[in-house]
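Please read the structure below before turning to the comments.
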Amino acid sequence: MNLCKSFLSVAASSLPVLVVSTLVHAAEPEVDYQKQLPAAPEGQITFEPPQERDIPDNQYGDMVRKGRDLFVNTQQLRGKNVFNDQNCVNCHLDAGRIASSAPMWAAFGMYPAYRGKNDKVNTLSERLQGCFTYSMNGIPPEAGDETLVAMETYFHWLSTGAPINQALPGRGYTKLEKPEGGYDREHGAKLYTEQCAVCHGDDGSGQEVAGQVVFPPLWGDGAYNWGAGMHRVNTAAGFIKANMPLGKPDSLSNQDAWDLAVFVNSHERPQDPRRRNQESLDSTANTFHNHDGFYGKEVEGKRLGDHDNYGENPGVASK
Amino acid sequence: MTKTMRAALSLLAVTVALNTGVAVAGGDTARGENIATQGNGAGALACTTCHGPDGKGNAAAGFPDIAGLNADYLSKQLHDYAEGTRKSPIMQPFATALTEDDIQSLSAYYQSLQSPVSAVAYRAPDPANQGEWLALRGDWDNLIPACNQCHGPNGMGVGNSFPALAGQHASYLKGQILAWRNGTRNNDPNHLMKGIADRLSEQQISAITEYYAALPEQLAGQAEEKENR
């Protein structure tokens, strides 16, 4: 399958600035921001990001630490830029360092990236804004905002010694071929109960303690929304295979990972924010969802995404 | 409890079967306290004998601190001892002597005791502090997630499957990690601890267990420092 083959990572480009502005003004419909960059090359992962004990003790270092803290504890932006229960580090393990979970050192050098589909060069800031809009179901910080400066400085530091404009082995999520026999949601449900519910809960709402999210929600209002890269079955399957359950990487078969991804991603989640500027669920699905996902599909007698629940996101930034 | 009573009860311990009746939802803490301090009169000695009057255990003997642990977690451990899926020559006879009602009451009672820590706001760990780093960031080069990723902020425990680690005696924690490693403990859900225990180095085990044992004291010190500022 084509999408599957070209699938690579969260490191896709986006049009978040447009998205923001369309929350206020009506604008032209955006195109699929998730069109993938070229695949990461095969081969040994040789790049090693620097050690945190070596972050310099100066203004640059302070900004690196600030960015890292935002990445690990993104919930500090809750209600401002983040409107769900996610932290960046949930999908980019070890503070964005691990090769199997779309590491930041491999994304940094790929931007700015020209994208034929939107005929526009996307900066790293714009890509990050996309994460806020979709994965964090949020309102992105504006370009130049210190939040983005700090995060980009952290990525810049992580990428010390990495080449510019050259895809590195380890970029993006692990690519997992779709099983030939298709996937089995029932089997995914069974696996979920056996292996995932202990952390993420039977209802996928995750777990928190003393007001802090420990295990992120996988569906429902606290989860990534219908526009996030992780709602795609192939992306989630690659992530699950390489990283889940925590501490037991690669313990699931390809089939298991796909079945689990199907089960998790065929549940309701906050509406795709691009739906605000679309006439219908059909037009949103046709414009933005020509990929491996369940948006607009019928599951257990109900059409997914057929609602106007945007989670906690108020739609416009408060001034 | 008198000495003769104790001796008599320990004789009974092995013969009394566990009542596997319907679980009592939300055990009776007063009843639990009674059993904890006096035994159940059917073979289970007073828990306080080893775990101390306040459930804090004994570091030298490796008896764990069970004060404030999640009731469902405690209940599962007692059931596992009774069924032999968790091994301990000391605990198995006592657990076997407890009825379902006893287990629920004891679990509720110990959960009600004060936990050593509560969550605090996020604070970045110090890369020079190996224990703290492992707790907050793990050692991903060796596929070891941060302990707090499952055991919660400050290792305060999460839900009914991930027990609190903060304030737990290093001797007990060390014993459990080694037990997972050599297979004598294997009642962890989905065997999540096994691989981690295998991958932790001896040195890391010392660092992480000592970190959690000292954490409540360290946090109290930090809070005081903040107040005095």
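The chains in the structure tokens are called A, B, ... from first to last as shown; in each chain the residues are counted from 1, and the ligands are counted from 1 in the order shown.
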Which residues, written as a list in words, have at least one atom at most 7 Å from Asp250 in chain A, with only C-alpha atoms counted and residues fewer than 5 positions away on the same chain left out? Lys241, Ala242 and Asn243 of chain A
Please return, as a ChimeraX atom specification, all residues of chain A lying within 8 Å of chain B when only C-alpha atoms are considered. /A:52-53,69,73,94,98,194-195,198-199,207-210,212,214-215,245-248
Please produce a file of the residues just selected, as an mmCIF file, in the first residue's frame, where the atoms kept are N, CA and C atoms.
data_model
loop_
_atom_site.group_PDB
_atom_site.id
_atom_site.type_symbol
_atom_site.label_atom_id
_atom_site.label_comp_id
_atom_site.auth_asym_id
_atom_site.auth_seq_id
_atom_site.Cartn_x
_atom_site.Cartn_y
_atom_site.Cartn_z
ATOM 1 N N GLU A 52 22.940 15.159 28.650
ATOM 2 C CA GLU A 52 22.380 16.353 29.292
ATOM 3 C C GLU A 52 23.312 16.981 30.318
ATOM 4 N N ARG A 53 24.219 16.179 30.844
ATOM 5 C CA ARG A 53 25.156 16.762 31.789
ATOM 6 C C ARG A 53 26.072 17.769 31.097
ATOM 7 N N ASP A 69 12.279 20.895 29.320
ATOM 8 C CA ASP A 69 11.236 20.820 30.340
ATOM 9 C C ASP A 69 9.842 20.964 29.719
ATOM 10 N N ASN A 73 7.325 18.037 30.171
ATOM 11 C CA ASN A 73 6.165 18.443 30.963
ATOM 12 C C ASN A 73 5.374 19.491 30.194
ATOM 13 N N ASP A 94 11.969 9.172 25.991
ATOM 14 C CA ASP A 94 13.256 9.650 26.472
ATOM 15 C C ASP A 94 13.518 11.084 26.007
ATOM 16 N N ILE A 98 14.972 8.914 21.552
ATOM 17 C CA ILE A 98 15.004 7.521 21.102
ATOM 18 C C ILE A 98 14.695 7.349 19.618
ATOM 19 N N GLU A 194 -5.447 -7.446 27.704
ATOM 20 C CA GLU A 194 -4.379 -8.239 28.314
ATOM 21 C C GLU A 194 -3.120 -7.410 28.604
ATOM 22 N N GLN A 195 -2.784 -6.517 27.692
ATOM 23 C CA GLN A 195 -1.452 -5.903 27.769
ATOM 24 C C GLN A 195 -1.432 -4.390 27.971
ATOM 25 N N VAL A 198 -3.800 -2.260 31.833
ATOM 26 C CA VAL A 198 -3.213 -2.096 33.162
ATOM 27 C C VAL A 198 -2.668 -0.675 33.338
ATOM 28 N N CYS A 199 -2.209 -0.077 32.262
ATOM 29 C CA CYS A 199 -1.716 1.306 32.335
ATOM 30 C C CYS A 199 -2.737 2.305 31.789
ATOM 31 N N GLN A 207 -4.247 7.105 33.143
ATOM 32 C CA GLN A 207 -4.310 7.227 34.599
ATOM 33 C C GLN A 207 -3.519 8.436 35.033
ATOM 34 N N GLU A 208 -4.040 9.103 36.044
ATOM 35 C CA GLU A 208 -3.268 10.183 36.647
ATOM 36 C C GLU A 208 -3.252 9.997 38.143
ATOM 37 N N VAL A 209 -2.307 10.657 38.765
ATOM 38 C CA VAL A 209 -2.225 10.600 40.211
ATOM 39 C C VAL A 209 -1.879 12.002 40.692
ATOM 40 N N ALA A 210 -2.577 12.423 41.735
ATOM 41 C CA ALA A 210 -2.390 13.767 42.293
ATOM 42 C C ALA A 210 -2.420 14.846 41.205
ATOM 43 N N GLN A 212 -1.533 14.701 38.183
ATOM 44 C CA GLN A 212 -0.526 14.606 37.126
ATOM 45 C C GLN A 212 -0.779 13.369 36.267
ATOM 46 N N VAL A 214 -0.002 10.264 34.335
ATOM 47 C CA VAL A 214 1.097 9.295 34.324
ATOM 48 C C VAL A 214 1.031 8.465 33.038
ATOM 49 N N PHE A 215 -0.140 7.897 32.780
ATOM 50 C CA PHE A 215 -0.342 7.127 31.545
ATOM 51 C C PHE A 215 -1.317 7.910 30.662
ATOM 52 N N PRO A 245 4.570 -2.834 25.235
ATOM 53 C CA PRO A 245 4.420 -2.080 26.479
ATOM 54 C C PRO A 245 5.769 -1.493 26.905
ATOM 55 N N LEU A 246 5.696 -0.426 27.657
ATOM 56 C CA LEU A 246 6.899 0.246 28.119
ATOM 57 C C LEU A 246 7.841 -0.764 28.775
ATOM 58 N N GLY A 247 9.086 -0.765 28.335
ATOM 59 C CA GLY A 247 10.062 -1.691 28.905
ATOM 60 C C GLY A 247 10.079 -3.050 28.223
ATOM 61 N N LYS A 248 9.127 -3.258 27.286
ATOM 62 C CA LYS A 248 9.115 -4.519 26.536
ATOM 63 C C LYS A 248 9.045 -4.246 25.038
#
Would you mind listing what lies within 8 Å of Ala228 in chain A as a ChimeraX atom specification, with only C-alpha atoms counted and same-chain residues fewer than 5 positions away left out? /A:131,134-135
Just asking: which residues within range 16-215 of chain B are alpha helix (DSSP H) according to DSSP, as a PyMOL selection string? chain B and resi 29-38+48-51+71-83+91-97+100-112+130-136+148-151+170-182+192-199+202-215
Can you pull out the residues contacting Gly175 in chain B? Cut-off 12 Å, using only C-alpha atoms, and skip same-chain residues under 2 positions away; I want them as a PyMOL selection string. chain B and resi 59+61-64+88+168-173+177-185+197+202+205-206+209
Which one of B:Ser75, B:Gly167, B:Thr96, B:Ala223 sits closest to Gly26 in chain B if you count only C-alpha atoms?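 Result for the nearest residue to Gly26 in chain B: B:Ser75.
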I need the residue nearest Gly311 in chain A from this list: A:Phe288, A:Tyr295, A:Trp219, A:Tyr183. Use only C-alpha atoms for the distance.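 When distances to Gly311 in chain A are compared using only C-alpha atoms, the smallest one comes from A:Trp219.
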I'd like to know which of B:Ala30, B:Ala214, B:Leu134, B:Ile35 is closest to Thr99 in chain B, using only C-alpha atoms.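 With only C-alpha atoms as the atom set, the closest residue is B:Ile35.
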Record the distance separating CA of Gly222 in chain A and CA of Gln129 in chain A, expressed in Å with one decimal.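 The value is 18.7 Å.
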List the neighbours of Ala71 in chain B out to 12 Å using only C-alpha atoms; skip same-chain residues closer than 6 positions along the sequence, and give me the result as an MDAnalysis selection string. chainID B and resid 24:29 32 77:78 103:113 157:164
For the selection you just gave me, I'd like the residues written to a file as a short mmCIF file (atom, residue, chain, number, x, y, z; two decimals), in the first residue's frame, keeping C-alpha atoms.
data_model
loop_
_atom_site.label_atom_id
_atom_site.label_comp_id
_atom_site.auth_asym_id
_atom_site.auth_seq_id
_atom_site.Cartn_x
_atom_site.Cartn_y
_atom_site.Cartn_z
CA VAL B 24 -15.87 -7.54 50.08
CA ALA B 25 -15.93 -4.23 48.32
CA GLY B 26 -14.12 -1.64 50.38
CA GLY B 27 -12.88 -3.48 53.46
CA ASP B 28 -13.63 -2.43 57.01
CA THR B 29 -10.63 -0.43 58.23
CA GLY B 32 -8.40 -4.37 59.52
CA GLN B 77 -0.19 -9.57 46.96
CA LEU B 78 -1.94 -11.35 49.83
CA ILE B 103 -7.68 -9.50 53.29
CA GLN B 104 -10.08 -6.76 52.26
CA SER B 105 -10.12 -5.27 55.76
CA LEU B 106 -6.35 -5.34 56.13
CA SER B 107 -5.82 -3.86 52.69
CA ALA B 108 -8.25 -1.05 53.40
CA TYR B 109 -6.62 -0.41 56.76
CA TYR B 110 -3.08 -0.20 55.41
CA GLN B 111 -4.17 1.98 52.52
CA SER B 112 -5.66 4.38 55.05
CA LEU B 113 -2.32 4.89 56.78
CA GLY B 157 2.39 4.75 43.21
CA VAL B 158 -0.28 4.65 40.49
CA GLY B 159 -3.59 2.81 40.64
CA ASN B 160 -3.79 -0.76 41.80
CA SER B 161 -0.86 -2.21 39.88
CA PHE B 162 2.08 0.13 40.43
CA PRO B 163 3.00 0.34 44.10
CA ALA B 164 4.58 3.34 45.78
#
Residues of range 103-220 of chain A within 9 Å of range 42-47 of chain A: nearest atom pair and distance (Å, one decimal) for each, counting only C-alpha atoms, sorted by chain and number, as a tab-separated table?
residue	atom	partner	partner_atom	distance
A:Trp105	CA	A:Phe47	CA	8.5
A:Ala106	CA	A:Phe47	CA	8.8
A:Ser159	CA	A:Phe47	CA	8.9
A:Gly161	CA	A:Phe47	CA	8.4
A:Ala162	CA	A:Phe47	CA	7.1
A:Leu168	CA	A:Ile45	CA	7.8
A:Pro169	CA	A:Ile45	CA	5.3
A:Gly170	CA	A:Ile45	CA	5.8
What lies within 7 Å of range 138-151 of chain A using only C-alpha atoms, ignoring chain neighbours under 6 positions off, as a PyMOL selection string? chain A and resi 63-64+66-68+81-83+125+129+132+313+317
Write down as a PyMOL selection string the residues belonging to range 90-309 of chain A that are assigned strand (DSSP E) by DSSP computed on the backbone. chain A and resi 113-115+120-122+207-209+212-215+298-299+302-303
Shortest interatomic distance to Tyr81 in chain B - which of B:Gly131, B:Asn187, B:Cys47, B:Gly39, counting only C-alpha atoms: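 Ranking B:Gly131, B:Asn187, B:Cys47, B:Gly39 by distance to Tyr81 in chain B, first place goes to B:Asn187.
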Using only C-alpha atoms, which residues sit within 12 Å of His289 in chain A once same-chain residues fewer than 2 positions away are excluded, as JSON, numbers by chain? {"A": [3, 31, 32, 33, 34, 35, 226, 227, 228, 229, 231, 232, 233, 272, 274, 275, 281, 282, 283, 284, 285, 286, 287, 291, 292, 293, 294, 295, 296, 297, 305]}
So the first atom is CA of Ala95 in chain B and the second is CA of Tyr73 in chain B; what is the distance between them in Å, to one decimal place?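 If I compute the distance from CA of Ala95 in chain B to CA of Tyr73 in chain B, I get 14.2 Å.
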